[in-house]
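Everything below belongs to work.cif, which stores mmCIF, C-alpha atoms.
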data_protein
loop_
_atom_site.group_PDB
_atom_site.id
_atom_site.type_symbol
_atom_site.label_atom_id
_atom_site.label_comp_id
_atom_site.auth_asym_id
_atom_site.auth_seq_id
_atom_site.Cartn_x
_atom_site.Cartn_y
_atom_site.Cartn_z
ATOM 1 C CA MET A 535 39.685 31.534 7.916
ATOM 2 C CA PHE A 536 39.215 35.221 7.073
ATOM 3 C CA MET A 537 42.928 35.867 7.568
ATOM 4 C CA ARG A 538 43.851 32.828 5.467
ATOM 5 C CA LEU A 539 41.688 33.977 2.565
ATOM 6 C CA LEU A 540 43.077 37.482 2.948
ATOM 7 C CA THR A 541 46.675 36.237 2.973
ATOM 8 C CA SER A 542 46.171 34.029 -0.121
ATOM 9 C CA ALA A 543 44.516 36.865 -2.016
ATOM 10 C CA ILE A 544 47.044 39.526 -1.069
ATOM 11 C CA PHE A 545 50.143 37.428 -1.820
ATOM 12 C CA ALA A 546 48.712 36.247 -5.138
ATOM 13 C CA GLY A 547 47.340 39.706 -5.991
ATOM 14 C CA ALA A 548 50.649 41.402 -5.225
ATOM 15 C CA LEU A 549 52.552 38.910 -7.407
ATOM 16 C CA ALA A 550 50.075 39.170 -10.302
ATOM 17 C CA GLY A 551 49.909 42.964 -9.946
ATOM 18 C CA LEU A 552 53.688 43.211 -10.027
ATOM 19 C CA VAL A 553 54.012 40.932 -13.076
ATOM 20 C CA GLY A 554 51.111 42.665 -14.851
ATOM 21 C CA GLY A 555 52.411 46.108 -13.864
ATOM 22 C CA ILE A 556 55.933 45.478 -15.172
ATOM 23 C CA LEU A 557 54.609 44.022 -18.442
ATOM 24 C CA GLN A 558 52.257 46.997 -18.691
ATOM 25 C CA LEU A 559 55.132 49.472 -18.305
ATOM 26 C CA TYR A 560 57.227 47.685 -20.917
ATOM 27 C CA PHE A 561 54.611 46.773 -23.528
ATOM 28 C CA VAL A 562 51.538 48.985 -23.031
ATOM 29 C CA GLN A 563 52.942 52.263 -21.709
ATOM 30 C CA PRO A 564 54.933 53.202 -24.870
ATOM 31 C CA VAL A 565 51.788 52.771 -26.994
ATOM 32 C CA LEU A 566 49.766 54.781 -24.456
ATOM 33 C CA LEU A 567 52.328 57.608 -24.429
ATOM 34 C CA LEU A 568 52.337 57.713 -28.215
ATOM 35 C CA ALA A 569 48.521 57.875 -28.268
ATOM 36 C CA GLU A 570 48.683 60.803 -25.822
ATOM 37 C CA LEU A 571 50.797 62.750 -28.322
ATOM 38 C CA TYR A 572 47.922 62.407 -30.798
ATOM 39 C CA GLU A 573 45.360 63.136 -28.060
ATOM 40 C CA SER A 574 47.113 66.399 -27.155
ATOM 41 C CA GLY A 575 47.620 67.404 -30.794
ATOM 42 C CA GLN A 576 51.444 67.240 -30.688
ATOM 43 C CA LEU A 577 51.149 64.680 -33.466
ATOM 44 C CA VAL A 578 48.426 64.751 -36.102
ATOM 45 C CA HIS A 579 47.206 61.675 -37.904
ATOM 46 C CA PHE A 580 45.901 63.179 -41.159
ATOM 47 C CA GLY A 581 46.589 66.555 -42.673
ATOM 48 C CA ALA A 582 50.226 66.713 -41.662
ATOM 49 C CA GLU A 583 53.497 65.086 -42.606
ATOM 50 C CA PRO A 584 53.375 61.428 -41.470
ATOM 51 C CA ALA A 585 55.285 61.157 -38.195
ATOM 52 C CA MET A 586 58.194 58.767 -37.743
ATOM 53 C CA ILE A 587 57.303 57.047 -34.511
ATOM 54 C CA SER A 588 58.502 54.229 -32.269
ATOM 55 C CA MET A 589 56.308 51.993 -30.167
ATOM 56 C CA GLY A 590 59.267 50.490 -28.296
ATOM 57 C CA TYR A 591 60.234 50.932 -24.638
ATOM 58 C CA ALA A 592 59.810 54.589 -23.774
ATOM 59 C CA GLY A 593 61.869 54.944 -20.590
ATOM 60 C CA PHE A 594 60.757 55.270 -16.985
ATOM 61 C CA ASP A 595 58.856 58.165 -15.417
ATOM 62 C CA LEU A 596 59.390 57.466 -11.718
ATOM 63 C CA THR A 597 56.301 59.032 -10.114
ATOM 64 C CA ARG A 598 53.865 58.187 -12.880
ATOM 65 C CA ASP A 599 55.053 54.600 -13.280
ATOM 66 C CA LEU A 600 55.183 53.886 -9.538
ATOM 67 C CA TRP A 601 51.543 54.990 -9.284
ATOM 68 C CA SER A 602 50.735 52.642 -12.164
ATOM 69 C CA LEU A 603 52.480 49.764 -10.387
ATOM 70 C CA ALA A 604 50.717 50.567 -7.098
ATOM 71 C CA PHE A 605 47.296 50.558 -8.764
ATOM 72 C CA SER A 606 48.109 47.377 -10.635
ATOM 73 C CA LEU A 607 48.883 45.712 -7.277
ATOM 74 C CA LEU A 608 45.678 47.093 -5.748
ATOM 75 C CA ILE A 609 43.459 46.003 -8.633
ATOM 76 C CA TYR A 610 44.873 42.468 -8.728
ATOM 77 C CA CYS A 611 44.546 42.204 -4.917
ATOM 78 C CA GLY A 612 40.879 43.129 -5.400
ATOM 79 C CA TYR A 613 40.516 40.454 -8.081
ATOM 80 C CA GLY A 614 42.399 38.019 -5.827
ATOM 81 C CA LEU A 615 39.995 38.550 -2.921
ATOM 82 C CA MET A 616 36.985 37.802 -5.112
ATOM 83 C CA LEU A 617 38.744 34.795 -6.638
ATOM 84 C CA VAL A 618 39.678 33.124 -3.323
ATOM 85 C CA ALA A 619 36.168 33.714 -1.956
ATOM 86 C CA LEU A 620 34.756 31.854 -4.977
ATOM 87 C CA MET A 621 37.374 29.102 -4.578
ATOM 88 C CA GLY A 622 36.348 28.787 -0.920
ATOM 89 C CA ILE A 623 32.668 28.451 -1.794
ATOM 90 C CA ALA A 624 33.433 25.883 -4.521
ATOM 91 C CA SER A 625 35.681 23.946 -2.142
ATOM 92 C CA ASP A 626 33.079 23.938 0.690
ATOM 93 C CA GLN A 627 30.435 22.676 -1.736
ATOM 94 C CA SER A 628 32.843 19.908 -2.887
ATOM 95 C CA LEU A 629 32.712 21.306 -6.423
ATOM 96 C CA ILE A 630 36.505 21.426 -6.572
ATOM 97 C CA SER A 631 39.299 19.649 -4.752
ATOM 98 C CA ALA A 632 39.797 20.787 -1.158
ATOM 99 C CA HIS A 633 43.484 21.160 -1.988
ATOM 100 C CA PRO A 634 43.678 22.805 -5.420
ATOM 101 C CA THR A 635 47.111 23.139 -7.013
ATOM 102 C CA PHE A 636 48.556 25.869 -9.195
ATOM 103 C CA ARG A 637 47.463 23.881 -12.276
ATOM 104 C CA HIS A 638 43.816 24.103 -11.209
ATOM 105 C CA GLY A 639 44.457 27.782 -10.593
ATOM 106 C CA ILE A 640 45.489 28.371 -14.203
ATOM 107 C CA ILE A 641 41.937 27.452 -15.247
ATOM 108 C CA TRP A 642 40.521 29.850 -12.627
ATOM 109 C CA GLY A 643 42.875 32.516 -13.934
ATOM 110 C CA VAL A 644 41.824 32.051 -17.550
ATOM 111 C CA GLY A 645 38.191 32.151 -16.369
ATOM 112 C CA GLY A 646 38.833 35.407 -14.527
ATOM 113 C CA PHE A 647 40.490 36.867 -17.614
ATOM 114 C CA VAL A 648 37.516 35.909 -19.794
ATOM 115 C CA ALA A 649 35.006 37.334 -17.296
ATOM 116 C CA LEU A 650 36.800 40.544 -16.356
ATOM 117 C CA HIS A 651 38.904 41.428 -19.395
ATOM 118 C CA LEU A 652 37.879 39.614 -22.548
ATOM 119 C CA ALA A 653 34.074 39.759 -22.224
ATOM 120 C CA PRO A 654 33.846 43.526 -21.513
ATOM 121 C CA SER A 655 36.486 44.163 -24.214
ATOM 122 C CA PHE A 656 34.285 42.400 -26.770
ATOM 123 C CA GLY A 657 31.872 45.350 -26.470
ATOM 124 C CA LEU A 658 34.107 48.125 -25.180
ATOM 125 C CA ALA A 659 37.587 47.675 -26.656
ATOM 126 C CA PRO A 660 40.379 48.710 -24.238
ATOM 127 C CA GLU A 661 40.389 52.479 -24.657
ATOM 128 C CA VAL A 662 43.438 54.179 -26.006
ATOM 129 C CA PRO A 663 43.726 57.739 -24.637
ATOM 130 C CA GLY A 664 42.057 60.152 -27.025
ATOM 131 C CA GLY A 665 39.672 57.597 -28.494
ATOM 132 C CA ALA A 666 36.031 58.591 -28.886
ATOM 133 C CA SER A 667 33.813 56.962 -26.286
ATOM 134 C CA ALA A 668 30.250 56.969 -24.980
ATOM 135 C CA ASP A 669 29.037 58.357 -21.637
ATOM 136 C CA LEU A 670 31.355 57.145 -18.830
ATOM 137 C CA GLU A 671 28.660 56.106 -16.340
ATOM 138 C CA ALA A 672 26.798 54.103 -18.984
ATOM 139 C CA ARG A 673 30.033 52.325 -19.910
ATOM 140 C CA GLN A 674 30.799 51.562 -16.269
ATOM 141 C CA VAL A 675 27.302 50.122 -15.718
ATOM 142 C CA TRP A 676 27.642 47.964 -18.838
ATOM 143 C CA TRP A 677 31.161 46.897 -17.772
ATOM 144 C CA PHE A 678 29.989 45.735 -14.325
ATOM 145 C CA ALA A 679 26.866 44.045 -15.714
ATOM 146 C CA THR A 680 28.914 42.198 -18.348
ATOM 147 C CA THR A 681 31.566 41.007 -15.904
ATOM 148 C CA LEU A 682 28.893 39.804 -13.468
ATOM 149 C CA ALA A 683 26.841 38.006 -16.144
ATOM 150 C CA THR A 684 29.963 36.364 -17.626
ATOM 151 C CA SER A 685 31.225 35.281 -14.190
ATOM 152 C CA VAL A 686 27.906 33.610 -13.383
ATOM 153 C CA ALA A 687 27.872 31.996 -16.845
ATOM 154 C CA LEU A 688 31.355 30.517 -16.378
ATOM 155 C CA TRP A 689 30.438 29.271 -12.892
ATOM 156 C CA LEU A 690 27.390 27.519 -14.382
ATOM 157 C CA PHE A 691 29.462 25.997 -17.222
ATOM 158 C CA ALA A 692 31.917 24.643 -14.657
ATOM 159 C CA PHE A 693 29.579 23.443 -11.928
ATOM 160 C CA ALA A 694 25.902 23.328 -13.010
ATOM 161 C CA LYS A 695 24.360 19.867 -12.849
ATOM 162 C CA THR A 696 21.415 20.349 -15.208
ATOM 163 C CA GLN A 697 21.239 21.255 -18.882
ATOM 164 C CA LYS A 698 18.759 24.031 -18.071
ATOM 165 C CA MET A 699 21.335 25.783 -15.900
ATOM 166 C CA ILE A 700 23.981 25.425 -18.623
ATOM 167 C CA GLY A 701 21.448 26.928 -21.053
ATOM 168 C CA LEU A 702 20.999 29.805 -18.616
ATOM 169 C CA GLY A 703 24.790 30.223 -18.692
ATOM 170 C CA VAL A 704 24.734 30.550 -22.489
ATOM 171 C CA ILE A 705 22.016 33.207 -22.244
ATOM 172 C CA LEU A 706 23.967 35.138 -19.587
ATOM 173 C CA LEU A 707 27.120 34.938 -21.691
ATOM 174 C CA PHE A 708 25.476 36.478 -24.765
ATOM 175 C CA ALA A 709 22.882 38.792 -23.161
ATOM 176 C CA PRO A 710 25.160 41.812 -22.507
ATOM 177 C CA HIS A 711 26.428 41.712 -26.100
ATOM 178 C CA LEU A 712 22.983 41.256 -27.641
ATOM 179 C CA PHE A 713 21.731 44.147 -25.488
ATOM 180 C CA GLY A 714 24.815 46.004 -26.662
ATOM 181 C CA PRO A 715 27.307 48.359 -25.019
ATOM 182 C CA PRO A 716 26.779 52.132 -24.955
ATOM 183 C CA GLU A 717 27.763 53.428 -28.390
ATOM 184 C CA VAL A 718 29.703 56.493 -29.457
ATOM 185 C CA THR A 719 27.743 59.007 -31.506
ATOM 186 C CA TYR A 720 30.677 60.271 -33.561
ATOM 187 C CA LEU A 721 33.854 58.427 -34.477
ATOM 188 C CA ARG A 722 36.302 61.265 -34.070
ATOM 189 C CA GLY A 723 39.312 59.742 -32.290
ATOM 190 C CA PRO A 724 42.564 61.414 -33.369
ATOM 191 C CA VAL A 725 44.712 58.313 -32.704
ATOM 192 C CA PRO A 726 45.780 56.210 -35.744
ATOM 193 C CA PRO A 727 44.083 52.788 -35.926
ATOM 194 C CA GLU A 728 47.472 51.032 -35.894
ATOM 195 C CA VAL A 729 48.203 52.516 -32.468
ATOM 196 C CA ALA A 730 44.728 51.786 -31.070
ATOM 197 C CA ALA A 731 44.777 48.189 -32.353
ATOM 198 C CA LEU A 732 48.205 47.461 -30.873
ATOM 199 C CA PHE A 733 47.118 49.047 -27.589
ATOM 200 C CA ALA A 734 44.004 46.830 -27.331
ATOM 201 C CA SER A 735 45.844 43.602 -28.170
ATOM 202 C CA ARG A 736 48.701 44.383 -25.761
ATOM 203 C CA VAL A 737 46.211 45.155 -22.958
ATOM 204 C CA LEU A 738 44.503 41.792 -23.495
ATOM 205 C CA GLY A 739 47.802 39.881 -23.710
ATOM 206 C CA VAL A 740 49.183 41.416 -20.515
ATOM 207 C CA GLY A 741 45.821 40.864 -18.793
ATOM 208 C CA LEU A 742 45.871 37.170 -19.676
ATOM 209 C CA ILE A 743 49.365 36.673 -18.251
ATOM 210 C CA ALA A 744 48.565 38.569 -15.034
ATOM 211 C CA TRP A 745 45.331 36.612 -14.548
ATOM 212 C CA VAL A 746 47.056 33.250 -15.062
ATOM 213 C CA VAL A 747 49.677 34.253 -12.458
ATOM 214 C CA LEU A 748 46.877 35.370 -10.114
ATOM 215 C CA GLY A 749 44.880 32.159 -10.502
ATOM 216 C CA ALA A 750 47.904 29.869 -10.199
ATOM 217 C CA ALA A 751 49.337 31.664 -7.148
ATOM 218 C CA ALA A 752 45.966 32.035 -5.386
ATOM 219 C CA SER A 753 45.126 28.370 -5.927
ATOM 220 C CA HIS A 754 48.573 27.208 -4.787
ATOM 221 C CA ILE A 755 48.477 29.243 -1.551
ATOM 222 C CA PHE A 756 44.782 28.482 -0.922
ATOM 223 C CA GLY A 757 45.468 24.740 -1.399
ATOM 224 C CA ARG A 758 48.368 24.799 1.057
ATOM 225 C CA PHE A 759 46.272 26.583 3.674
ATOM 226 C CA SER A 760 43.338 24.199 3.292
ATOM 227 C CA ALA A 761 45.749 21.246 3.530
ATOM 228 C CA SER A 762 46.981 22.540 6.883
ATOM 229 C CA GLU A 763 43.437 23.114 8.253
ATOM 230 C CA MET B 232 14.189 13.806 23.829
ATOM 231 C CA THR B 233 17.009 11.305 24.422
ATOM 232 C CA THR B 234 20.598 12.306 25.039
ATOM 233 C CA LYS B 235 21.435 10.945 21.582
ATOM 234 C CA ASP B 236 18.787 13.188 19.962
ATOM 235 C CA THR B 237 20.056 16.221 21.843
ATOM 236 C CA ALA B 238 23.630 15.526 20.738
ATOM 237 C CA ALA B 239 22.513 15.137 17.110
ATOM 238 C CA THR B 240 20.550 18.388 17.256
ATOM 239 C CA THR B 241 23.519 20.248 18.769
ATOM 240 C CA LEU B 242 25.844 18.796 16.111
ATOM 241 C CA SER B 243 23.507 19.780 13.286
ATOM 242 C CA GLN B 244 23.120 23.305 14.760
ATOM 243 C CA ASN B 245 26.908 23.599 15.020
ATOM 244 C CA ILE B 246 27.386 22.492 11.412
ATOM 245 C CA SER B 247 24.753 24.877 10.117
ATOM 246 C CA SER B 248 26.136 27.786 12.182
ATOM 247 C CA ASN B 249 29.656 26.927 10.962
ATOM 248 C CA LEU B 250 28.441 26.854 7.335
ATOM 249 C CA SER B 251 26.639 30.170 7.628
ATOM 250 C CA SER B 252 29.621 31.793 9.328
ATOM 251 C CA ARG B 253 31.861 30.530 6.500
ATOM 252 C CA LEU B 254 29.431 31.945 3.946
ATOM 253 C CA VAL B 255 29.449 35.323 5.737
ATOM 254 C CA THR B 256 33.270 35.261 5.564
ATOM 255 C CA TYR B 257 33.232 34.530 1.809
ATOM 256 C CA VAL B 258 30.737 37.318 1.170
ATOM 257 C CA ALA B 259 32.813 39.734 3.287
ATOM 258 C CA VAL B 260 36.020 38.849 1.398
ATOM 259 C CA MET B 261 34.239 39.237 -1.920
ATOM 260 C CA LEU B 262 32.800 42.633 -0.936
ATOM 261 C CA LEU B 263 36.239 43.778 0.203
ATOM 262 C CA GLY B 264 37.673 42.786 -3.195
ATOM 263 C CA PHE B 265 34.818 44.478 -5.024
ATOM 264 C CA SER B 266 35.286 47.698 -3.015
ATOM 265 C CA ILE B 267 39.006 47.812 -3.844
ATOM 266 C CA LEU B 268 38.185 47.256 -7.513
ATOM 267 C CA ALA B 269 35.493 49.967 -7.487
ATOM 268 C CA VAL B 270 37.778 52.548 -5.844
ATOM 269 C CA ALA B 271 41.065 51.713 -7.608
ATOM 270 C CA GLY B 272 39.531 50.977 -10.992
ATOM 271 C CA HIS B 273 36.403 53.050 -11.353
ATOM 272 C CA ALA B 274 36.004 55.927 -8.840
ATOM 273 C CA GLN B 275 36.308 59.313 -10.556
ATOM 274 C CA THR B 276 37.716 61.731 -7.951
ATOM 275 C CA PRO B 277 40.333 63.809 -9.826
ATOM 276 C CA GLY B 278 43.382 62.792 -7.718
ATOM 277 C CA LEU B 279 42.511 59.113 -7.870
ATOM 278 C CA HIS B 280 41.791 59.307 -11.582
ATOM 279 C CA GLY B 281 45.135 60.993 -12.273
ATOM 280 C CA ALA B 282 47.169 58.465 -10.299
ATOM 281 C CA ALA B 283 45.299 55.432 -11.629
ATOM 282 C CA HIS B 284 44.923 56.744 -15.205
ATOM 283 C CA ASP B 285 47.521 54.624 -17.002
ATOM 284 C CA THR B 286 46.638 51.401 -15.179
ATOM 285 C CA ARG B 287 42.917 51.918 -15.803
ATOM 286 C CA HIS B 288 43.560 52.256 -19.538
ATOM 287 C CA ALA B 289 45.971 49.317 -19.465
ATOM 288 C CA THR B 290 43.454 47.110 -17.633
ATOM 289 C CA GLY B 291 40.622 47.818 -20.054
ATOM 290 C CA PHE B 292 38.438 49.792 -17.611
ATOM 291 C CA PRO B 293 36.224 52.593 -18.882
ATOM 292 C CA CYS B 294 38.368 55.601 -17.921
ATOM 293 C CA HIS B 295 37.124 58.994 -19.140
#

Show me, as C-alpha cells, the structure contained in the file I just sent.
Amino acid sequence: MFMRLLTSAIFAGALAGLVGGILQLYFVQPVLLLAELYESGQLVHFGAEPAMISMGYAGFDLTRDLWSLAFSLLIYCGYGLMLVALMGIASDQSLISAHPTFRHGIIWGVGGFVALHLAPSFGLAPEVPGGASADLEARQVWWFATTLATSVALWLFAFAKTQKMIGLGVILLFAPHLFGPPEVTYLRGPVPPEVAALFASRVLGVGLIAWVVLGAAASHIFGRFSASE
Amino acid sequence: MTTKDTAATTLSQNISSNLSSRLVTYVAVMLLGFSILAVAGHAQTPGLHGAAHDTRHATGFPCH
C-alpha cells in the first residue's frame, strides 16, 4: 500500500509541478524579474523618470529556470503525498468513495489550494522580491499554523457529523486571521504596487491550476489503484 | 473458549492490526510529504534558498 500511495503522489505531484512550473515561468517569472530590478535599485519607483517596462514573457535562463521547475516538482510531490494520505484515511473510514475519480479530485485540489495557498495569502500576500516583510521565522510559524488550521477546518466541513464540529471548523478557519499574521513595522518596499498586485494575483491563479491538476491526477490514480486492490 | 470464539477473536485482532498498520502507513506518507515541503519550501540554507528562491516566491511561501 505504501508503494501505491507513493506512486499516486509522485505521478500526480510531478504532473502538477510541471504544469505549475511552466505556468510560473511564463506568467510569474517576468513580474518577479521586473520586481528584482526595483529591489536592486536598477529601476526606481519614485524620484526618477518613470520607466517603460514590460511584464510579458522574459525569456529563459536555463540554470535558474530548471532549478525553479525542479523545486516546483518537489513541492507538489510533497503536497501530493499529504493529499493521498488524507484520501486514504477518508476512503478507509468510508467518508469518500473507495474509487474516487478525477472529478472528486478537483474538489480535493480546490480544498488544498484554499488551505495551502489562499488562506496563508489572506494574511501574508505572496511576497514580491524587495517587498517589506516581518521576521521570517514568525511568518513561517504563522504560515504553518494557518495551513494546518485551515486544513482541519475544511476536513470538518466535509466530513464532520455534528454541528459542534462544524462550528469548531469555523473557529479554526478564522482563528489565524483574528490572531493576525506577523506585521511589518515600516512599509518601505521599493516595488511599485502595480507590479506587486499582479505578482500576487498571478501566484494565486497559477497555484489554483496546479492544485486542481494535483487533486484530479492524484484522485484518478488513487481510485484506479484501490479498484485493483 | 469455543473454536468459533477463537476464530472471531483472531479475525478481530487481524482487522485491528491491519487498520493500525494502514494508519501507520498514512502517517508515514504524510510525514514524508511534510518533510519534502519543509526542506524544499522553507529551509534556509544558502544554497537551497538560492536554488528554490523563485519557486518559493511563486508559491507564496515566506522567503526572506

I need the chain A residues near chain B as JSON, numbers by chain; criterion: at most 7 Å, counting all atoms listed in the file.
{"A": [536, 558, 562, 601, 602, 605, 606, 608, 609, 612, 613, 615, 616, 619, 651, 655, 660, 661, 662, 670, 673, 674, 737, 741]}

Write out as a PyMOL selection string each polymer residue whose atoms come within 8 Å of stretch 708-717 of chain A, counting only C-alpha atoms; drop sequence neighbours fewer than 4 positions from it.
chain A and resi 656-658+667-669+672-673+676+679-680+683+704

Report, as JSON, the axis-aligned box around all atoms of stretch 262-273 of chain B present in the file, extended by 4 Å on each side; give centre and edge lengths in Å to one decimal place.
{"center_x": 36.9, "center_y": 47.8, "center_z": -5.6, "size_x": 16.3, "size_y": 18.4, "size_z": 19.6}

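Atom CA of A:Leu748 is found 17.8 Å from atom CA of A:Trp689.
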
Ground truth for the PyMOL selection byres ((chain A and resi 548-555) around 7), written as number ranges by chain:
A: 544-547, 556-559, 602-603, 606-607, 610-611, 740-741, 744-745, 747-748

Neighbours of A:Pro564 within 9 Å (all atoms listed in the file; same-chain residues fewer than 4 positions away dropped), as a ChimeraX atom specification?
/A:559-560,568-569,588-593

Computed interatomic separation between atom CA of A:Met621 and atom CA of A:Ile743 (Å)
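Spanning atom CA of A:Met621 to atom CA of A:Ile743 is a straight-line distance of 19.7 Å.
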
Report, in Å with one decimal, the straight-line distance from atom CA of A:Val686 to atom CA of A:Gly703.
7.0 Å

Can you spell out as a ChimeraX atom specification the set of residues that the PyMOL selection byres ((chain A and resi 749) around 9) selects in the structure I just provided?
/A:546,550,614,617-618,636-646,744-748,750-754

Using only C-alpha atoms, find the one residue out of A:Phe647, A:Ile623, A:Val725, A:Phe733 that sits nearest to A:Glu573.
A:Val725

Got a sec: who's within 10 Å of A:Met535, counting all atoms listed in the file, leaving out chain neighbours fewer than 2 positions off, as a list in words?
Met537, Arg538, Leu539, Leu540, Thr541, Gly622, Phe759, Ser760 and Glu763 of chain A; Arg253, Thr256 and Tyr257 of chain B

Counting all atoms listed in the file, the residue of A:Leu596, A:Leu650, A:Leu629, A:Phe580 that sits nearest A:Lys695
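Once distances to A:Lys695 are computed over all atoms listed in the file, the minimum belongs to A:Leu629.
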